[in-house]
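Notes to accompany the following structure.
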Amino acid sequence: MAAVEQKKSYHVTKDFKGLNTKANRTAIQENEFAWIENVMPIGYSNLKVIPKEKRVTYSSTNFSWGGTVHYMAPANINGVAYMFAFFTNGGAQYVSLETPTAPITLASSGTFSGTRTQISQWKNERVLIIDATYGYFTFNGTNLVRVGSVSTITITSGGSGYSAAPTVTISAPNQTGGVQATATATITSGVVTAITITEPGTGYTSAPSITFSSGAASATATTINQPGTCIQSFSGRVWIADGRTIYYTAADSYNDFTSISAGNITLVDATLYGDITQIIAANNFLYIFGESSINVFSDVRVNTSGETLFTNTNISASIGTELFLGVFAYFRSILFINRYGVYALVGATTTKISDALDGIFPNIDFSSSVTGCQTLIYNILVSAWNVRYNDNGTYRRVQLVFFDRKWFISYQGNLTHINSSPVNGLINAYGVESGGAFFRLYEDQTANISTEVVTALWDLKDPIRDKQALKLGVEATFPVTVAGSLNISIDSEAKSSTSVALGNAVAWQNNSLNNIAWTNNAGSTLQWVSSGYQLSEGYKLLKYDAQMYGKYLGMTVTSTAPAFIFNGFQLEHELRARF
């Protein structure tokens, strides 16, 4: 027995998985992590520090939005990627993501509600904007126009004696940039008997006048501005959700709500518990989210009478979301977050993918905004949700990041909203702080960034026997330019050792063991670092004599060094007495 208890044993973890907060730290798999922040488990022996956020600048000036953002989303106009921000005061601004300038004003305060606004886009020629209070707008890169369209024209007098249909003229819209409505007349026995709207127009804030080229015919017009809370372009139409009803435009039109192929549908089924919370177009479906349900519209077509037909199918009668800014497409899935998890909707199947985060969700403040998007980190497409998290009594904004069935945490500043946009062929994520500071996320590979890796507490093949930790080792690869240090502690099920700081800086000493300072021509002190793969043979960075007892042993490693890679975690230990 003495030989067994004195035998040195070794543990090595290199096959990195992701975060697991569902089980106790002593019960998660040995290659999972109890916490992993700002470090991405890319693959075997490749646990890489992610880039830090970088402030968006123009002409060396830091960019800031001109108000408190309540909604931020991208759009493309004529091939240029923009980010739009809508403020709590009802104003809005936008900026080019390719060549940022000072914020460009889209709307002054009071134009929108400041509480519930969303955008989509029509082709890449205009942005579609829906506001819960002020209705439907479009923006073509020059003019913001409220879509007040002509909905009906009523004949008040048909006149008489017409040998040919008179020309119908509808007065110009009230708003600059609006589209003038047009119509044609039909006569029967010399009398105007019908008027057909051929272009509903936009920009009418009041009913236009109707005139005829000849004769005594007269008519009046009414306008419509469609209200709503969610908007999407799908299958050649614009779809707007308002309460439990979805309105859709005529085929190949963004503003015609009155032609025969336009219409609406009210969801009366009990599966929709309240109102529609979000609509998303992807994968040849229009997804209709409720708080606890999901429907899909598909197979949109026009019948021989010109009416629009489509299939409405309920695919979830118990799971949905009210967190409407946390729903987005990711590969062939729709991912969404609600108050009890993150789910993937693939076809008609909804699957929870966030079991590993079950220990985190009770500590998320869902009274604060929850936003999500997809983005690239190290050319790997990931999904991320920005939440306000109660971290042991301190609230901070973090991102829950998912890829390849693995989770990790990132912190990119005190962000209130995140979203992403394709820019020059790459999907970039952006975030805004409460004061308006605007950042590109996961961008700066040279700036210091705080990282924390908390391994599992390993039972080391014998959970009922005490162990004594003897030495710890961390394999890491540092870039040539990085002088970093790791703060490492050995943990047991009961306590943690004092943290030790080990670095890759090289000290030069003389025969008296005094450090020698090196300076350049400018008199600046130079720092020597050991770069590349590090494992401690004769080198102090990554090996340390450890003194810790416990039935379970693990380690916590923190750092602020950028761009390095963890390659493995090692522990030398001896077995001690059972129980």
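By convention here, the chains of the structure tokens are called A, B, ... in the order presented, each chain's residues are numbered starting at 1, and ligands are numbered starting at 1 in the order presented.
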Any idea what's packed within 9 Å of Gly341 (chain A), counting only C-alpha atoms, ignoring anything in its chain fewer than 2 positions away? Could you give it as a JSON list (two decimals) with N, CA and C atoms, in the first residue's frame?
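Here's the written file result-v2.json:
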[["chain", "number", "residue", "atom", "x", "y", "z"],
["A", 336, "PHE", "N", -32.67, 30.79, -31.17],
["A", 336, "PHE", "CA", -33.36, 31.80, -30.36],
["A", 336, "PHE", "C", -33.14, 31.52, -28.88],
["A", 337, "ILE", "N", -33.20, 32.58, -28.11],
["A", 337, "ILE", "CA", -33.01, 32.50, -26.68],
["A", 337, "ILE", "C", -34.31, 32.90, -26.00],
["A", 338, "ASN", "N", -34.65, 32.21, -24.93],
["A", 338, "ASN", "CA", -35.75, 32.66, -24.07],
["A", 338, "ASN", "C", -35.26, 32.63, -22.62],
["A", 339, "ARG", "N", -36.15, 32.73, -21.69],
["A", 339, "ARG", "CA", -35.73, 32.88, -20.30],
["A", 339, "ARG", "C", -35.21, 31.60, -19.68],
["A", 343, "TYR", "N", -32.29, 27.67, -28.05],
["A", 343, "TYR", "CA", -32.87, 26.58, -28.84],
["A", 343, "TYR", "C", -32.48, 26.74, -30.30],
["A", 352, "LYS", "N", -33.18, 22.05, -27.59],
["A", 352, "LYS", "CA", -32.42, 22.88, -26.66],
["A", 352, "LYS", "C", -30.94, 22.59, -26.84],
["A", 353, "ILE", "N", -30.13, 23.63, -27.00],
["A", 353, "ILE", "CA", -28.69, 23.45, -27.20],
["A", 353, "ILE", "C", -27.88, 24.03, -26.05],
["A", 354, "SER", "N", -28.56, 24.52, -25.01],
["A", 354, "SER", "CA", -27.85, 25.23, -23.95],
["A", 354, "SER", "C", -27.87, 24.51, -22.61],
["A", 355, "ASP", "N", -27.98, 23.19, -22.61],
["A", 355, "ASP", "CA", -27.94, 22.46, -21.34],
["A", 355, "ASP", "C", -26.70, 22.84, -20.53],
["A", 357, "LEU", "N", -25.41, 25.56, -20.10],
["A", 357, "LEU", "CA", -25.53, 26.88, -19.48],
["A", 357, "LEU", "C", -26.61, 26.92, -18.41],
["A", 358, "ASP", "N", -27.11, 25.78, -18.00],
["A", 358, "ASP", "CA", -28.21, 25.77, -17.02],
["A", 358, "ASP", "C", -27.84, 26.44, -15.71],
["A", 361, "PHE", "N", -28.24, 30.57, -16.55],
["A", 361, "PHE", "CA", -29.52, 31.22, -16.85],
["A", 361, "PHE", "C", -30.22, 31.80, -15.64]]
| task | Determine, counting only C-alpha atoms, which protein, DNA and RNA residues have an atom within 7 Å of an atom of region 270-281 of chain A; residues of the same chain fewer than 2 positions away are not included. Present the result as a VMD selection string. | result | chain A and resid 230 to 232 234 241 243 to 244 268 285 to 293 317 322 324
| said: Residues within 9 Å of Tyr378 (chain A), please, as JSON, numbers by chain. Count only C-alpha atoms; anything in the same chain fewer than 4 positions from it doesn't count. | reply: {"A": [50, 51, 442]}
| Of the residues A:Val127, A:Val432, A:Val238, A:Ala183, which is the one nearest to Thr196 (chain A), using only C-alpha atoms? |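 Among A:Val127, A:Val432, A:Val238, A:Ala183, it is A:Ala183 that comes nearest to Thr196 (chain A).
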| note | Counting only C-alpha atoms, closest pick from A:Ala356, A:Gln175, A:Glu572, A:Lys17 relative to Val39 (chain A) is A:Lys17
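The closest residue to Ile315 (chain A), picked from A:Ile380, A:Ala251, A:Ile224, A:Val296 and counting only C-alpha atoms, is A:Val296.
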Once you count only C-alpha atoms, what closest atom pair and distance in Å to one decimal does each residue of region 351-445 of chain A within 10 Å of region 96-108 of chain A have, with rows by chain and rising residue number, as a tab-separated table?
residue	atom	partner	partner_atom	distance
A:Ser421	CA	A:Leu97	CA	8.5
A:Pro422	CA	A:Leu97	CA	9.2
A:Val423	CA	A:Glu98	CA	6.7
A:Asn424	CA	A:Glu98	CA	7.7
A:Asn428	CA	A:Leu97	CA	9.5
A:Tyr430	CA	A:Leu97	CA	9.7
A:Arg440	CA	A:Leu97	CA	9.6
| said: I'd like to know which of A:Ile240, A:Ile360, A:Ile464, A:Leu47 is closest to Thr117 (chain A), using only C-alpha atoms. | reply: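 Result for the nearest residue to Thr117 (chain A): A:Ile240.
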| request: Please identify which residues in region 181-404 of chain A DSSP calls strand (DSSP E or B) from the backbone, and express them as a PyMOL selection string. | output: chain A and resi 182-188+191-199+209-212+218-224+230-234+237-242+245-248+253+263-266+278-282+285-290+293-302+308-316+327-330+333-338+341-346+349-352+364+371-377+380-391+394-403
Using C-alpha atoms, can you export the residues from the last selection as a compact mmCIF listing (two decimals), in the first residue's frame?
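Output file selection00.txt is given in full below:
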# COMPACT_ATOMS: atom_id res chain seq x y z
CA THR A 182 -51.23 56.68 -60.06
CA ALA A 183 -54.54 55.25 -61.17
CA THR A 184 -56.62 54.56 -64.28
CA ALA A 185 -60.34 55.02 -64.97
CA THR A 186 -62.84 52.67 -66.57
CA ILE A 187 -65.98 53.97 -68.31
CA THR A 188 -69.26 52.29 -69.07
CA VAL A 191 -69.74 57.19 -67.26
CA VAL A 192 -66.70 56.61 -65.06
CA THR A 193 -67.62 53.43 -63.20
CA ALA A 194 -64.32 52.26 -61.70
CA ILE A 195 -60.89 53.55 -60.77
CA THR A 196 -57.96 51.15 -60.46
CA ILE A 197 -54.91 52.11 -58.40
CA THR A 198 -51.79 51.21 -60.38
CA GLU A 199 -49.25 52.67 -57.92
CA SER A 209 -56.83 65.13 -54.27
CA ILE A 210 -58.13 63.31 -57.37
CA THR A 211 -58.66 65.12 -60.68
CA PHE A 212 -59.76 64.00 -64.15
CA SER A 218 -65.01 63.41 -59.26
CA ALA A 219 -63.57 61.14 -56.58
CA THR A 220 -61.98 61.11 -53.14
CA ALA A 221 -59.07 59.07 -51.80
CA THR A 222 -58.13 57.50 -48.47
CA THR A 223 -54.63 56.53 -47.34
CA ILE A 224 -53.18 53.81 -45.18
CA CYS A 230 -42.07 43.30 -36.67
CA ILE A 231 -41.19 43.44 -40.35
CA GLN A 232 -39.58 41.14 -42.94
CA SER A 233 -39.32 40.91 -46.70
CA PHE A 234 -40.10 37.39 -47.86
CA ARG A 237 -43.58 40.78 -50.36
CA VAL A 238 -43.30 42.78 -47.16
CA TRP A 239 -44.79 41.13 -44.08
CA ILE A 240 -45.70 43.20 -41.01
CA ALA A 241 -46.87 41.75 -37.69
CA ASP A 242 -49.26 43.77 -35.57
CA THR A 245 -52.30 39.73 -37.36
CA ILE A 246 -49.78 39.64 -40.17
CA TYR A 247 -50.28 41.97 -43.12
CA TYR A 248 -48.56 41.38 -46.44
CA SER A 253 -44.36 45.44 -54.03
CA GLY A 263 -53.95 40.72 -47.61
CA ASN A 264 -53.66 39.71 -43.98
CA ILE A 265 -54.08 36.73 -41.71
CA THR A 266 -55.02 36.71 -38.05
CA GLN A 278 -41.01 38.28 -33.89
CA ILE A 279 -40.98 37.22 -37.55
CA ILE A 280 -37.85 35.95 -39.29
CA ALA A 281 -37.36 35.07 -42.97
CA ALA A 282 -34.85 32.28 -43.63
CA PHE A 285 -39.79 29.95 -44.53
CA LEU A 286 -41.27 32.87 -42.65
CA TYR A 287 -41.00 31.98 -38.95
CA ILE A 288 -43.71 33.43 -36.70
CA PHE A 289 -42.69 33.53 -33.03
CA GLY A 290 -44.96 33.87 -30.06
CA SER A 293 -45.14 28.97 -29.94
CA ILE A 294 -43.68 28.99 -33.44
CA ASN A 295 -45.52 28.89 -36.78
CA VAL A 296 -44.06 28.85 -40.28
CA PHE A 297 -45.47 30.27 -43.51
CA SER A 298 -44.29 28.53 -46.66
CA ASP A 299 -45.20 27.74 -50.26
CA VAL A 300 -46.26 31.31 -51.07
CA ARG A 301 -48.03 31.46 -54.42
CA VAL A 302 -50.74 33.30 -56.36
CA THR A 308 -51.88 35.16 -52.46
CA LEU A 309 -51.98 31.70 -50.92
CA PHE A 310 -49.53 30.11 -48.49
CA THR A 311 -49.29 27.29 -45.96
CA ASN A 312 -49.44 28.12 -42.25
CA THR A 313 -48.07 25.35 -40.00
CA ASN A 314 -47.63 25.30 -36.24
CA ILE A 315 -44.32 23.58 -35.44
CA SER A 316 -44.09 24.36 -31.71
CA VAL A 327 -33.62 35.39 -32.76
CA PHE A 328 -31.49 34.96 -35.89
CA ALA A 329 -30.49 32.54 -38.63
CA TYR A 330 -27.36 30.42 -38.19
CA SER A 333 -31.03 26.72 -38.27
CA ILE A 334 -32.96 29.45 -36.54
CA LEU A 335 -31.44 30.04 -33.11
CA PHE A 336 -33.36 31.80 -30.36
CA ILE A 337 -33.01 32.50 -26.68
CA ASN A 338 -35.75 32.66 -24.07
CA GLY A 341 -32.46 28.34 -22.60
CA VAL A 342 -31.15 28.63 -26.13
CA TYR A 343 -32.87 26.58 -28.84
CA ALA A 344 -32.15 25.56 -32.39
CA LEU A 345 -35.03 25.23 -34.82
CA VAL A 346 -34.11 22.92 -37.68
CA THR A 349 -37.77 20.26 -34.80
CA THR A 350 -36.92 22.49 -31.84
CA THR A 351 -33.93 21.35 -29.77
CA LYS A 352 -32.42 22.88 -26.66
CA ILE A 364 -29.27 36.50 -16.18
CA THR A 371 -29.55 40.72 -28.26
CA GLY A 372 -27.86 38.16 -30.47
CA CYS A 373 -26.12 37.65 -33.79
CA GLN A 374 -23.72 35.44 -35.69
CA THR A 375 -20.13 36.49 -36.32
CA LEU A 376 -16.67 35.23 -37.22
CA ILE A 377 -13.95 34.62 -34.65
CA ILE A 380 -15.07 30.31 -37.47
CA LEU A 381 -18.75 31.26 -37.62
CA VAL A 382 -20.15 31.45 -34.10
CA SER A 383 -23.40 32.62 -32.57
CA ALA A 384 -23.44 35.00 -29.61
CA TRP A 385 -26.02 36.45 -27.22
CA ASN A 386 -25.32 39.57 -25.16
CA VAL A 387 -26.85 39.37 -21.67
CA ARG A 388 -26.61 41.16 -18.33
CA TYR A 389 -25.19 38.58 -15.94
CA ASN A 390 -25.09 38.53 -12.14
CA ASP A 391 -21.49 37.46 -11.54
CA THR A 394 -21.67 42.13 -9.66
CA TYR A 395 -23.70 42.70 -12.80
CA ARG A 396 -21.81 42.86 -16.09
CA ARG A 397 -22.52 42.32 -19.77
CA VAL A 398 -21.15 39.10 -21.24
CA GLN A 399 -21.70 37.14 -24.42
CA LEU A 400 -22.81 33.51 -24.46
CA VAL A 401 -20.91 32.15 -27.46
CA PHE A 402 -21.75 28.88 -29.24
CA PHE A 403 -20.13 26.90 -32.04
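Every residue of region 215-388 of chain A found in helix (DSSP H, G or I) when DSSP is run on the backbone appears here: A:Phe324, A:Leu325, A:Gly326, A:Asp355, A:Ala356, A:Leu357, A:Phe361, A:Pro362, A:Asn363.
Closest approach to Lys48 (chain A) from the set A:Phe16, A:Phe366, A:Trp65, A:Phe87 is made by A:Phe16, with distances taken over only C-alpha atoms.
In this structure, CA of Ser214 (chain A) sits 14.8 Å away from CA of Ile155 (chain A).
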What's around Arg576 (chain A) at 7 Å? Count only C-alpha atoms, leave out sequence neighbours fewer than 6 positions away in its own chain, and write the answer as a PDB file with C-alpha atoms, in the first residue's frame.
ATOM      1  CA  GLU A   5       0.514   5.948  -2.024  1.00  0.00           C
ATOM      2  CA  ARG A 465      -8.774   8.742  -2.168  1.00  0.00           C
ATOM      3  CA  ASP A 466      -6.999  11.922  -1.129  1.00  0.00           C
ATOM      4  CA  LYS A 467      -4.329  13.205  -3.487  1.00  0.00           C
ATOM      5  CA  GLN A 468      -1.420  15.539  -3.007  1.00  0.00           C
TER       6      GLN A 468
END
| field | Separation of CA of Gly393 (chain A) from CA of Asn363 (chain A) in Å | value |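 CA of Gly393 (chain A) lies 9.5 Å from CA of Asn363 (chain A).
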| Given the choices A:Gly158, A:Lys123, A:Ala75, A:Arg25, which gets closest to Asp491 (chain A) if the distance is worked out from only C-alpha atoms? |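 For Asp491 (chain A), the nearest of the given residues is A:Arg25.
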| message | Excluding Thr446 (chain A) and its own-chain neighbours fewer than 6 positions away, which residues fall within 9 Å of it when counting only C-alpha atoms? Please give them as a ChimeraX atom specification. | response | /A:51-52,481-482,561-563
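Distance-wise, CA of Thr451 (chain A) and CA of Asn38 (chain A) end up 5.2 Å apart.
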